[in-house]
Every structure is written in C-alpha cells, then in structure tokens.
file query_7.txt (compact mmCIF, C-alpha atoms)
# COMPACT_ATOMS: atom_id res chain seq x y z
CA MET A 6 165.30 139.43 169.38
CA PRO A 7 162.35 137.07 169.02
CA PHE A 8 160.00 139.23 166.90
CA THR A 9 161.26 137.95 163.57
CA THR A 10 158.55 138.98 161.11
CA LEU A 11 157.57 142.52 160.16
CA ALA A 12 154.02 142.01 161.47
CA TRP A 13 155.23 140.80 164.89
CA LYS A 14 157.63 143.71 165.19
CA LEU A 15 154.93 146.23 164.22
CA TRP A 16 152.49 144.59 166.64
CA ALA A 17 154.94 144.73 169.55
CA LEU A 18 155.88 148.36 168.90
CA SER A 19 152.20 149.35 168.53
CA VAL A 20 151.31 147.67 171.84
CA LEU A 21 154.21 149.37 173.62
CA ALA A 22 153.32 152.80 172.16
CA LEU A 23 149.68 152.46 173.22
CA ALA A 24 150.53 151.15 176.69
CA LEU A 25 152.79 154.20 177.11
CA LYS A 26 149.96 156.44 175.90
CA MET A 27 147.68 154.94 178.56
CA LEU A 28 150.29 155.54 181.28
CA VAL A 29 150.50 159.17 180.17
CA LEU A 30 146.71 159.51 180.24
CA ALA A 31 146.63 158.16 183.82
CA LEU A 32 149.23 160.77 184.79
CA LEU A 33 147.27 163.57 183.08
CA THR A 34 144.14 162.46 184.96
CA SER A 35 145.99 162.72 188.28
CA ARG A 36 147.28 166.15 187.30
CA GLN A 37 143.74 167.21 186.43
CA ARG A 38 142.43 165.90 189.77
CA LEU A 39 145.10 167.87 191.62
CA ALA A 40 144.43 171.03 189.58
CA LYS A 41 140.65 170.85 190.10
CA ARG A 42 141.00 169.44 193.62
CA VAL A 43 138.48 166.65 192.92
CA PHE A 44 139.40 163.12 194.01
CA ALA A 45 137.87 159.67 193.87
CA SER A 46 138.07 158.50 197.48
CA PRO A 47 137.55 160.04 200.94
CA GLU A 48 141.13 159.17 201.96
CA ASP A 49 142.44 161.16 198.96
CA TYR A 50 140.71 164.26 200.31
CA ALA A 51 142.17 163.52 203.74
CA THR A 52 145.66 163.25 202.19
CA GLN A 53 145.11 166.71 200.64
CA GLY A 54 143.82 168.08 203.95
CA MET A 55 140.43 168.81 202.38
CA ALA A 56 136.82 168.05 203.26
CA GLU A 57 135.26 165.46 200.97
CA LYS A 58 133.32 166.68 197.92
CA ARG A 59 130.63 164.51 196.36
CA GLU A 60 130.13 166.30 193.03
CA ARG A 61 132.13 165.33 189.97
CA ASP A 62 134.23 167.63 187.84
CA PRO A 63 133.43 167.79 184.10
CA ASP A 64 137.11 168.01 183.10
CA VAL A 65 138.16 165.06 185.24
CA GLU A 66 135.21 163.07 183.87
CA ARG A 67 136.39 163.85 180.31
CA TYR A 68 139.77 162.26 181.05
CA ARG A 69 138.04 159.26 182.61
CA ARG A 70 135.80 158.79 179.56
CA ALA A 71 138.84 158.88 177.26
CA HIS A 72 140.50 156.27 179.48
CA ARG A 73 137.44 154.00 179.55
CA ASN A 74 137.21 154.25 175.77
CA ASP A 75 140.82 153.05 175.68
CA LEU A 76 139.92 150.04 177.83
CA GLU A 77 137.09 149.15 175.44
CA ASN A 78 139.15 149.49 172.27
CA ILE A 79 142.90 149.31 172.89
CA LEU A 80 142.89 146.29 175.21
CA PRO A 81 141.03 143.97 172.77
CA PHE A 82 143.42 145.20 170.05
CA PHE A 83 146.41 143.96 172.07
CA VAL A 84 145.27 140.34 171.60
CA VAL A 85 143.41 140.59 168.28
CA GLY A 86 146.52 142.24 166.82
CA ALA A 87 148.68 139.36 168.06
CA ILE A 88 146.42 136.79 166.38
CA TYR A 89 146.43 138.88 163.20
CA ALA A 90 150.24 139.18 163.28
CA ALA A 91 150.46 135.39 163.68
CA THR A 92 148.44 134.83 160.49
CA GLN A 93 151.18 136.28 158.28
CA PRO A 94 149.35 139.32 156.92
CA SER A 95 150.59 141.34 153.94
CA ALA A 96 153.00 144.18 154.71
CA LEU A 97 150.34 146.72 153.65
CA GLY A 98 147.72 145.13 155.94
CA ALA A 99 150.17 145.01 158.84
CA TRP A 100 151.12 148.69 158.46
CA LEU A 101 147.51 149.87 158.14
CA CYS A 102 146.14 147.74 160.99
CA LEU A 103 148.95 147.79 163.58
CA PRO A 104 150.77 151.17 163.64
CA GLY A 105 147.73 152.59 161.80
CA PHE A 106 145.53 151.55 164.73
CA ALA A 107 148.05 152.91 167.23
CA LEU A 108 148.23 156.30 165.51
CA ALA A 109 144.42 156.53 165.27
CA ARG A 110 144.09 155.80 169.00
CA VAL A 111 146.75 158.34 170.00
CA LEU A 112 144.85 160.92 167.94
CA HIS A 113 141.56 159.75 169.51
CA THR A 114 142.88 160.66 172.96
CA VAL A 115 144.16 164.05 171.78
CA PHE A 116 140.82 164.82 170.11
CA TYR A 117 138.81 163.58 173.10
CA LEU A 118 140.71 165.74 175.58
CA ARG A 119 140.25 168.78 173.31
CA GLY A 120 136.59 168.03 172.57
CA ALA A 121 137.37 168.05 168.82
CA MET A 122 134.45 166.70 166.78
CA PRO A 123 134.09 165.11 164.27
CA HIS A 124 137.84 164.41 164.51
CA ARG A 125 137.33 162.15 167.52
CA THR A 126 134.70 160.09 165.69
CA LEU A 127 136.94 159.71 162.63
CA ALA A 128 139.87 158.47 164.73
CA TYR A 129 137.52 156.11 166.60
CA GLY A 130 136.10 154.84 163.30
CA TYR A 131 139.50 154.10 161.77
CA ALA A 132 140.53 152.03 164.79
CA TYR A 133 137.11 150.32 164.90
CA PHE A 134 137.27 149.20 161.27
CA ALA A 135 140.95 148.18 161.55
CA THR A 136 139.94 145.89 164.44
CA LEU A 137 136.97 144.54 162.47
CA TRP A 138 139.24 143.86 159.50
CA MET A 139 141.81 142.04 161.65
CA ILE A 140 139.07 139.87 163.20
CA LEU A 141 137.60 138.88 159.83
CA ALA A 142 140.97 138.38 158.08
CA SER A 143 142.32 136.30 161.00
CA ALA A 144 139.15 134.17 161.24
CA TRP A 145 139.32 133.53 157.48
CA SER A 146 142.96 132.53 157.78
CA LEU A 147 142.13 130.20 160.70
CA VAL A 148 139.23 128.33 159.12
CA ALA A 149 140.33 128.37 155.44
CA MET B 4 155.51 122.60 179.53
CA PRO B 5 155.99 125.32 176.93
CA PHE B 6 157.21 128.17 179.19
CA THR B 7 160.88 127.34 178.91
CA THR B 8 162.63 130.50 180.12
CA LEU B 9 162.53 131.95 183.61
CA ALA B 10 160.93 135.17 182.34
CA TRP B 11 158.10 133.31 180.54
CA LYS B 12 157.39 131.21 183.61
CA LEU B 13 157.35 134.26 185.90
CA TRP B 14 155.13 136.10 183.41
CA ALA B 15 152.61 133.24 183.22
CA LEU B 16 152.45 132.80 187.00
CA SER B 17 152.08 136.57 187.53
CA VAL B 18 149.21 136.74 185.03
CA LEU B 19 147.46 133.78 186.65
CA ALA B 20 147.88 135.23 190.16
CA LEU B 21 146.48 138.60 189.09
CA ALA B 22 143.58 137.06 187.14
CA LEU B 23 142.72 135.10 190.29
CA LYS B 24 142.96 138.29 192.34
CA MET B 25 140.48 139.96 189.96
CA LEU B 26 138.06 137.01 190.28
CA VAL B 27 138.25 137.36 194.06
CA LEU B 28 137.59 141.12 193.84
CA ALA B 29 134.48 140.47 191.70
CA LEU B 30 133.24 138.04 194.34
CA LEU B 31 133.93 140.52 197.16
CA THR B 32 132.00 143.18 195.23
CA SER B 33 128.99 140.86 194.96
CA ARG B 34 129.24 140.10 198.67
CA GLN B 35 129.35 143.83 199.41
CA ARG B 36 126.29 144.44 197.18
CA LEU B 37 124.37 141.72 199.02
CA ALA B 38 125.44 143.03 202.44
CA LYS B 39 124.52 146.64 201.62
CA ARG B 40 121.53 145.58 199.48
CA VAL B 41 122.57 147.90 196.62
CA PHE B 42 122.53 146.46 193.10
CA ALA B 43 123.33 147.63 189.60
CA SER B 44 120.18 146.72 187.67
CA PRO B 45 116.40 146.84 188.28
CA GLU B 46 116.09 143.07 187.70
CA ASP B 47 118.66 142.47 190.47
CA TYR B 48 116.37 144.27 192.92
CA ALA B 49 113.43 142.20 191.62
CA THR B 50 115.45 139.00 192.19
CA GLN B 51 115.99 140.14 195.80
CA GLY B 52 112.32 141.03 196.17
CA MET B 53 113.21 144.68 196.76
CA ALA B 54 112.06 148.01 195.34
CA GLU B 55 114.75 149.63 193.17
CA LYS B 56 117.09 152.15 194.77
CA ARG B 57 118.79 154.83 192.69
CA GLU B 58 121.45 156.03 195.09
CA ARG B 59 124.91 154.46 195.16
CA ASP B 60 126.64 152.98 198.16
CA PRO B 61 130.08 154.38 199.07
CA ASP B 62 131.45 150.95 200.04
CA VAL B 63 130.29 149.28 196.82
CA GLU B 64 131.72 152.18 194.83
CA ARG B 65 135.08 151.68 196.57
CA TYR B 66 135.23 148.06 195.35
CA ARG B 67 134.25 149.20 191.85
CA ARG B 68 136.99 151.85 191.80
CA ALA B 69 139.57 149.25 192.84
CA HIS B 70 138.32 146.99 190.04
CA ARG B 71 138.42 149.74 187.41
CA ASN B 72 141.95 150.62 188.52
CA ASP B 73 142.82 146.97 187.86
CA LEU B 74 141.40 147.19 184.34
CA GLU B 75 143.53 150.26 183.67
CA ASN B 76 146.75 148.79 185.00
CA ILE B 77 146.70 145.00 185.20
CA LEU B 78 145.23 144.32 181.75
CA PRO B 79 147.89 146.30 179.83
CA PHE B 80 150.51 144.52 181.97
CA PHE B 81 149.28 141.13 180.72
CA VAL B 82 150.48 141.96 177.18
CA VAL B 83 153.36 144.35 177.95
CA GLY B 84 154.74 141.69 180.30
CA ALA B 85 154.57 139.09 177.52
CA ILE B 86 156.54 141.31 175.14
CA TYR B 87 159.05 142.03 177.90
CA ALA B 88 159.40 138.30 178.68
CA ALA B 89 160.00 137.65 174.97
CA THR B 90 162.93 140.08 174.89
CA GLN B 91 165.02 137.88 177.19
CA PRO B 92 165.37 140.24 180.17
CA SER B 93 167.86 139.70 182.97
CA ALA B 94 166.73 137.50 185.86
CA LEU B 95 166.76 140.52 188.18
CA GLY B 96 164.62 142.56 185.77
CA ALA B 97 162.20 139.67 185.31
CA TRP B 98 161.76 139.19 189.07
CA LEU B 99 161.30 142.90 189.80
CA CYS B 100 158.92 143.56 186.88
CA LEU B 101 156.79 140.40 186.73
CA PRO B 102 156.13 138.95 190.21
CA GLY B 103 157.13 142.37 191.58
CA PHE B 104 154.30 143.96 189.61
CA ALA B 105 151.89 141.21 190.69
CA LEU B 106 152.71 141.66 194.37
CA ALA B 107 152.38 145.45 194.13
CA ARG B 108 148.95 145.11 192.50
CA VAL B 109 147.70 142.61 195.09
CA LEU B 110 148.78 145.06 197.78
CA HIS B 111 147.15 147.92 195.84
CA THR B 112 143.78 146.16 196.10
CA VAL B 113 144.24 145.44 199.82
CA PHE B 114 145.21 149.06 200.48
CA TYR B 115 142.39 150.42 198.32
CA LEU B 116 139.71 148.38 200.09
CA ARG B 117 141.07 149.52 203.48
CA GLY B 118 141.49 153.15 202.40
CA ALA B 119 145.16 152.98 203.42
CA MET B 120 147.07 156.02 202.20
CA PRO B 121 149.83 156.63 201.18
CA HIS B 122 150.27 152.84 200.98
CA ARG B 123 147.89 152.63 198.02
CA THR B 124 149.83 155.29 196.11
CA LEU B 125 153.14 153.54 196.78
CA ALA B 126 151.82 150.21 195.50
CA TYR B 127 150.32 151.97 192.47
CA GLY B 128 153.59 153.76 191.80
CA TYR B 129 155.70 150.60 191.93
CA ALA B 130 153.45 148.90 189.37
CA TYR B 131 153.35 152.06 187.24
CA PHE B 132 157.11 152.36 187.02
CA ALA B 133 157.58 148.61 186.48
CA THR B 134 155.26 148.91 183.45
CA LEU B 135 157.10 151.99 182.22
CA TRP B 136 160.40 150.18 182.56
CA MET B 137 159.14 147.13 180.65
CA ILE B 138 157.84 149.35 177.83
CA LEU B 139 161.13 151.22 177.47
CA ALA B 140 163.37 148.16 177.85
CA SER B 141 161.27 146.17 175.35
CA ALA B 142 161.16 148.99 172.82
CA TRP B 143 164.92 149.38 173.12
CA SER B 144 165.38 145.66 172.56
CA LEU B 145 163.08 145.77 169.51
CA VAL B 146 164.68 148.68 167.71
CA ALA B 147 168.33 148.21 168.75
CA MET C 12 148.59 128.86 159.65
CA PRO C 13 150.53 129.06 162.92
CA PHE C 14 147.80 127.79 165.31
CA THR C 15 148.76 124.15 165.07
CA THR C 16 147.06 122.56 168.08
CA LEU C 17 143.32 122.24 168.67
CA ALA C 18 143.53 124.35 171.85
CA TRP C 19 145.35 127.21 170.10
CA LYS C 20 142.85 127.21 167.26
CA LEU C 21 139.88 127.19 169.67
CA TRP C 22 141.51 129.96 171.70
CA ALA C 23 142.07 132.17 168.65
CA LEU C 24 138.54 131.68 167.32
CA SER C 25 137.05 132.33 170.79
CA VAL C 26 139.03 135.57 171.14
CA LEU C 27 137.97 136.73 167.67
CA ALA C 28 134.31 135.90 168.32
CA LEU C 29 134.31 137.79 171.62
CA ALA C 30 136.19 140.79 170.18
CA LEU C 31 133.54 140.93 167.43
CA LYS C 32 130.81 140.70 170.09
CA MET C 33 132.35 143.68 171.90
CA LEU C 34 132.47 145.71 168.66
CA VAL C 35 128.77 144.94 168.13
CA LEU C 36 127.97 146.00 171.71
CA ALA C 37 129.77 149.33 171.16
CA LEU C 38 127.68 149.86 168.04
CA LEU C 39 124.44 149.01 169.86
CA THR C 40 125.37 151.49 172.61
CA SER C 41 125.82 154.25 170.01
CA ARG C 42 122.47 153.33 168.46
CA GLN C 43 120.86 153.49 171.89
CA ARG C 44 122.44 156.90 172.58
CA LEU C 45 121.10 158.23 169.26
CA ALA C 46 117.63 156.76 169.89
CA LYS C 47 117.39 158.17 173.43
CA ARG C 48 119.33 161.33 172.48
CA VAL C 49 121.61 161.01 175.51
CA PHE C 50 125.35 161.47 174.94
CA ALA C 51 128.52 161.36 176.99
CA SER C 52 130.20 164.68 176.14
CA PRO C 53 129.11 168.30 175.60
CA GLU C 54 130.56 168.30 172.07
CA ASP C 55 128.37 165.30 171.18
CA TYR C 56 125.28 167.34 172.03
CA ALA C 57 126.66 170.21 169.95
CA THR C 58 127.18 167.83 166.99
CA GLN C 59 123.51 166.81 167.33
CA GLY C 60 122.43 170.45 167.58
CA MET C 61 121.08 169.86 171.10
CA ALA C 62 121.46 171.55 174.46
CA GLU C 63 123.48 169.46 176.92
CA LYS C 64 121.61 167.13 179.29
CA ARG C 65 123.15 166.08 182.60
CA GLU C 66 120.90 163.18 183.55
CA ARG C 67 121.71 159.62 182.51
CA ASP C 68 119.42 157.28 180.62
CA PRO C 69 118.64 153.89 182.24
CA ASP C 70 118.77 152.03 178.90
CA VAL C 71 122.10 153.53 177.87
CA GLU C 72 123.46 152.74 181.34
CA ARG C 73 122.37 149.10 180.91
CA TYR C 74 124.46 148.80 177.74
CA ARG C 75 127.40 150.43 179.51
CA ARG C 76 127.14 148.01 182.45
CA ALA C 77 127.14 145.06 180.05
CA HIS C 78 130.24 146.51 178.36
CA ARG C 79 132.06 147.10 181.64
CA ASN C 80 131.27 143.54 182.70
CA ASP C 81 132.92 142.42 179.45
CA LEU C 82 136.05 144.42 180.30
CA GLU C 83 136.21 142.74 183.71
CA ASN C 84 135.72 139.20 182.42
CA ILE C 85 136.47 138.84 178.70
CA LEU C 86 139.74 140.78 178.67
CA PRO C 87 141.45 138.67 181.39
CA PHE C 88 140.18 135.57 179.52
CA PHE C 89 142.08 136.64 176.38
CA VAL C 90 145.40 136.11 178.17
CA VAL C 91 144.46 133.41 180.69
CA GLY C 92 143.05 131.40 177.76
CA ALA C 93 146.33 131.75 175.87
CA ILE C 94 148.33 130.44 178.83
CA TYR C 95 145.83 127.58 179.23
CA ALA C 96 146.06 126.75 175.50
CA ALA C 97 149.86 126.70 175.80
CA THR C 98 149.71 124.08 178.58
CA GLN C 99 148.32 121.43 176.20
CA PRO C 100 144.91 120.85 177.83
CA SER C 101 142.69 117.88 177.00
CA ALA C 102 140.32 118.32 174.05
CA LEU C 103 137.35 118.22 176.43
CA GLY C 104 138.85 120.90 178.67
CA ALA C 105 139.71 123.07 175.67
CA TRP C 106 136.17 122.85 174.25
CA LEU C 107 134.49 123.56 177.61
CA CYS C 108 136.81 126.43 178.61
CA LEU C 109 137.46 128.23 175.31
CA PRO C 110 134.39 128.17 173.00
CA GLY C 111 132.34 127.30 176.10
CA PHE C 112 133.49 130.56 177.72
CA ALA C 113 132.83 132.48 174.49
CA LEU C 114 129.29 131.13 174.17
CA ALA C 115 128.53 131.88 177.84
CA ARG C 116 129.71 135.47 177.42
CA VAL C 117 127.71 136.03 174.24
CA LEU C 118 124.64 134.78 176.13
CA HIS C 119 125.58 136.99 179.11
CA THR C 120 125.33 140.08 176.90
CA VAL C 121 122.01 138.96 175.40
CA PHE C 122 120.58 138.28 178.86
CA TYR C 123 121.95 141.53 180.29
CA LEU C 124 120.42 143.67 177.55
CA ARG C 125 117.06 141.91 178.03
CA GLY C 126 117.22 142.04 181.85
CA ALA C 127 116.80 138.24 181.96
CA MET C 128 117.45 136.88 185.45
CA PRO C 129 118.62 134.39 186.63
CA HIS C 130 119.82 133.59 183.08
CA ARG C 131 122.40 136.38 183.24
CA THR C 132 123.82 135.07 186.52
CA LEU C 133 124.06 131.52 185.13
CA ALA C 134 125.96 132.70 182.03
CA TYR C 135 128.22 134.83 184.23
CA GLY C 136 128.82 131.90 186.57
CA TYR C 137 129.78 129.49 183.77
CA ALA C 138 132.37 131.93 182.41
CA TYR C 139 133.62 132.71 185.95
CA PHE C 140 134.23 129.07 186.81
CA ALA C 141 135.76 128.32 183.38
CA THR C 142 138.27 131.12 184.06
CA LEU C 143 138.94 129.83 187.56
CA TRP C 144 139.49 126.33 186.18
CA MET C 145 141.92 127.59 183.52
CA ILE C 146 143.89 129.54 186.14
CA LEU C 147 144.20 126.55 188.48
CA ALA C 148 144.90 123.98 185.72
CA SER C 149 147.52 126.24 184.11
CA ALA C 150 149.22 127.04 187.41
CA TRP C 151 149.34 123.33 188.23
CA SER C 152 150.86 122.59 184.82
CA LEU C 153 153.44 125.37 185.32
CA VAL C 154 154.67 124.38 188.77
CA ALA C 155 154.27 120.58 188.53
call {"tool": "encode", "arguments": {"input": "query_7.txt", "output": "structure tokens"}}
result
Amino acid sequence: MPFTTLAWKLWALSVLALALKMLVLALLTSRQRLAKRVFASPEDYATQGMAEKRERDPDVERYRRAHRNDLENILPFFVVGAIYAATQPSALGAWLCLPGFALARVLHTVFYLRGAMPHRTLAYGYAYFATLWMILASAWSLVA
Amino acid sequence: MPFTTLAWKLWALSVLALALKMLVLALLTSRQRLAKRVFASPEDYATQGMAEKRERDPDVERYRRAHRNDLENILPFFVVGAIYAATQPSALGAWLCLPGFALARVLHTVFYLRGAMPHRTLAYGYAYFATLWMILASAWSLVA
Amino acid sequence: MPFTTLAWKLWALSVLALALKMLVLALLTSRQRLAKRVFASPEDYATQGMAEKRERDPDVERYRRAHRNDLENILPFFVVGAIYAATQPSALGAWLCLPGFALARVLHTVFYLRGAMPHRTLAYGYAYFATLWMILASAWSLVA
C-alpha cells in the first residue's frame, strides 16, 4: 500500500468518494431523463421510439447544473489536494481540507438536487475556502 | 524513465492518448463551427465579418455534448486511474481498466459524432464500470 | 518539500496559480450574476426575493464560456503536466510548457472576458500547442 502518510491516505479516499459521487449523479441524471422522457440527442429519442423534443426539462437541467458545478470544483480539487498532501500538512489541516472538502461537496449535490438554500451556498463556500486554503498553504510550502 | 511498473506505464499512456483525443475533438469542433458558420461569441462573428446569430447549430451542439461527456468521465479517470495504478493492480486489471478505458472512450467519441446507438451507450458503459471497479478496488486496497 | 526537481516545482506552482485563477473566475461569475440579477436556479431567485427569469444574460454567458473553456483545457493540463514533469524535461521545455501554459491561460481568461480577438485565439493556441508538445514528448519518453 503506497499511500504511507495520513494526508495521502485521506486524499486518495476523498478522491475515490467524490468520483463515486459523480458516477452516482450521472446515473441519477439518466434516470431523470428516462422519467421525464427528455434526452440530449436525436438518436436517443429514436432509441426510445419517440419524436424528438427541442425544449429542455427544468429537473434534468438541475441535475446537469449540479454536475457542471462538480466539474468546476471537484476536478481541480483532485490535483490541488494531491499537491497539498505532498507538502506534509498538519493532521488537522488534512482532515479539514480533504475529507472535509469531500463531505461538503457530497452535501452540495444533495442540497442542489433538493433546491435547499442557503444550505447549498454554505456547502459550496466550505469547499471553496478549503481549496483556497490548500492553494495558499501549498504555494507557501513550495516557495518558502 | 520514472514509470517503473506496468500499471503506471499503462496509466500514463492512457492519459496521454485521451488528452490527445480531447485536443482533436476541440479542433473538430472549431472546424464544425467554421463549416456551419456558427460561433460562441459576438467577437467571433466580427472576426468572420458576419452579423451575430443567436440560434445554435445541432451539429456543433453534438460535438459540444461529446466534449462535455469527456469532461464528466475522462477527467475523473485521470486521477482515479493514478490511484488505482498506485495500488499495484494485477496485470489483467491494469490492461482492462487503463487502456481498456481509453479505447472505450475513443470509441465513445466516434459513436457520439456519428449518432451510433446503442454503440455509444455500450462504450459509455464499459468506461463507467471500469471507473467503478477502479474506485472500489482502490478503496479496498487502501482500507484493507 | 517533496518537489525536488525544477520541473516538479514549476508544475506544482502552475497548477496552484491556475486553480486560483479558476476560483477567481467563479467569484467574478457570481458578481456578474448579482449585478445583472440573472441566476441559474429558481431557488436563487427566491433567495433574492425575485420572480424567476428564463432568459439568459449575454455577459453571464461570456463568463460561463470562459469557465467551460478552462475545464476543457486547464484540467487535462493538470495531469498531462504531471506526466511531463515526471519525464525529466529540459529546463527550457519545462519553463515554456508549465508556467508558459499557465500564463497563456491567465491571459486567455482576460482576453475572453474583454472580447479581445485575435488575442484570445493566440493565448488559446499557445496553451493548445504546449499541451500537444507535452503529450508527444512524454509519450516518446515513455516508449523510447
């Protein structure tokens, strides 16, 4: 097992948990498309034996916005978190920024899909500032 | 050459192949925009000496959907695959999950651009389950 | 400090700079949404005490296009750059491809938000060819 420090282990488990969360979100989006019978491509309508619709569905779009927000926030974390883990952070910092980020982003998806405000903004903000902290702490460690 | 195990080497080559595939898709999208004369920004129309259009083009949108699907699936793979490679998988697992994933995603793009169903869904599904497998196998290796 | 070679250090600092740039862009998008009073979700309008609007705002869409272009180009760079850094590139190559890429992508965002053409295309092109170079040089190093 090559992840020998606490920070590396927390990073790897956080990445895996969030990648799994994104796979689940993709599946829920497909389920929503099937339930609302709204698809992305003409050939998907053909597969369902339906005529093509051009309008979008607000519920499907909600899932897609949650997914795009994941791309904007979770994917940079995957690499920023690795650099942070490599700079030998404190145990407290590692717990708050790695599984802390992962938990905040799981909650962000739950709150987004339920339309829960301001909960969604709070979860977004925690993950945002954890990323900002990791960037600044890692840069300091690199240039100091 | 720092990639000393088979899994690391397969991971690195799979990432490079897929990053190249994404560069090609970006180029094909630009070619499609030029062919259909549909652009994303007002200044792009000005550069082409055209009046701005507001409607979207179905062919350009197809390329953009294929690209977004790559962001959702290939980019998480880049990091999940690295964690998986670090957990010393079997040679069979490494071949099926790393270049196997890459091949499935190259085919996914080809099938998406041609509107080939159910081929696109099969390619998507292979890559989806390869990612799921890498997440579960890596997590098991990390906590066991 | 674990980033012992020049290329690794330049890679890490380039990733951190670009991740920070993406956080700033997200913040600017929120500021633009508040200024134009155009939001993504019904509950965001409710939070602002407004009735929901369905139309999109061209300025908000410009920020979102710049952000999506980052997802398509910066996020693959994070991992391609790591593989390139691991293949012990020359100092010149490392400077041109790692902080050179980062600078080009910061300028890309500035030019995109200002609608500056052909500046935006030039910045995009530099980063595109730097990525292509890293892919080819790394692949050569891996198979040679």
call {"tool": "interface_residues", "arguments": {"input": "query_7.txt", "of": "chain B", "to": "chain C", "cutoff": "8 Å", "atoms": "all atoms listed in the file", "output": "ChimeraX atom specification"}}
result
/B:4-6,12,15-16,18-19,22-23,26,44,46-47,50,70,74,78,81-82
call {"tool": "atom_distance", "arguments": {"input": "query_7.txt", "atom1": "atom CA of B:Ala94", "atom2": "atom CA of B:Ala107"}}
result
18.4 Å
call {"tool": "axis_aligned_box", "arguments": {"input": "query_7.txt", "around": "stretch 111-123 of chain B", "padding_each_side": "5 Å", "output": "JSON"}}
result
{"center_x": 145.0, "center_y": 151.0, "center_z": 199.7, "size_x": 20.6, "size_y": 21.2, "size_z": 17.6}
call {"tool": "residues_near_point", "arguments": {"input": "query_7.txt", "point": "(120.0, 156.1, 195.2)", "cutoff": "12 Å", "atoms": "only C-alpha atoms", "output": "list in words"}}
result
Arg40, Val41, Phe42, Ala43, Ala54, Glu55, Lys56, Arg57, Glu58, Arg59, Asp60 and Pro61 of chain B
call {"tool": "atom_distance", "arguments": {"input": "query_7.txt", "atom1": "atom CA of C:Tyr135", "atom2": "atom CA of C:His119"}}
result
6.2 Å
call {"tool": "residues_around", "arguments": {"input": "query_7.txt", "residues": "B:Ala130", "least_positions_apart": "6", "cutoff": "9 Å", "atoms": "only C-alpha atoms", "output": "list in words"}}
result
Asn76, Ile77, Cys100, Gly103, Phe104, Ala105, Leu106, Ala107 and Arg108 of chain B
call {"tool": "atom_distance", "arguments": {"input": "query_7.txt", "atom1": "atom CA of B:Lys24", "atom2": "atom CA of B:Lys39"}}
result
22.3 Å
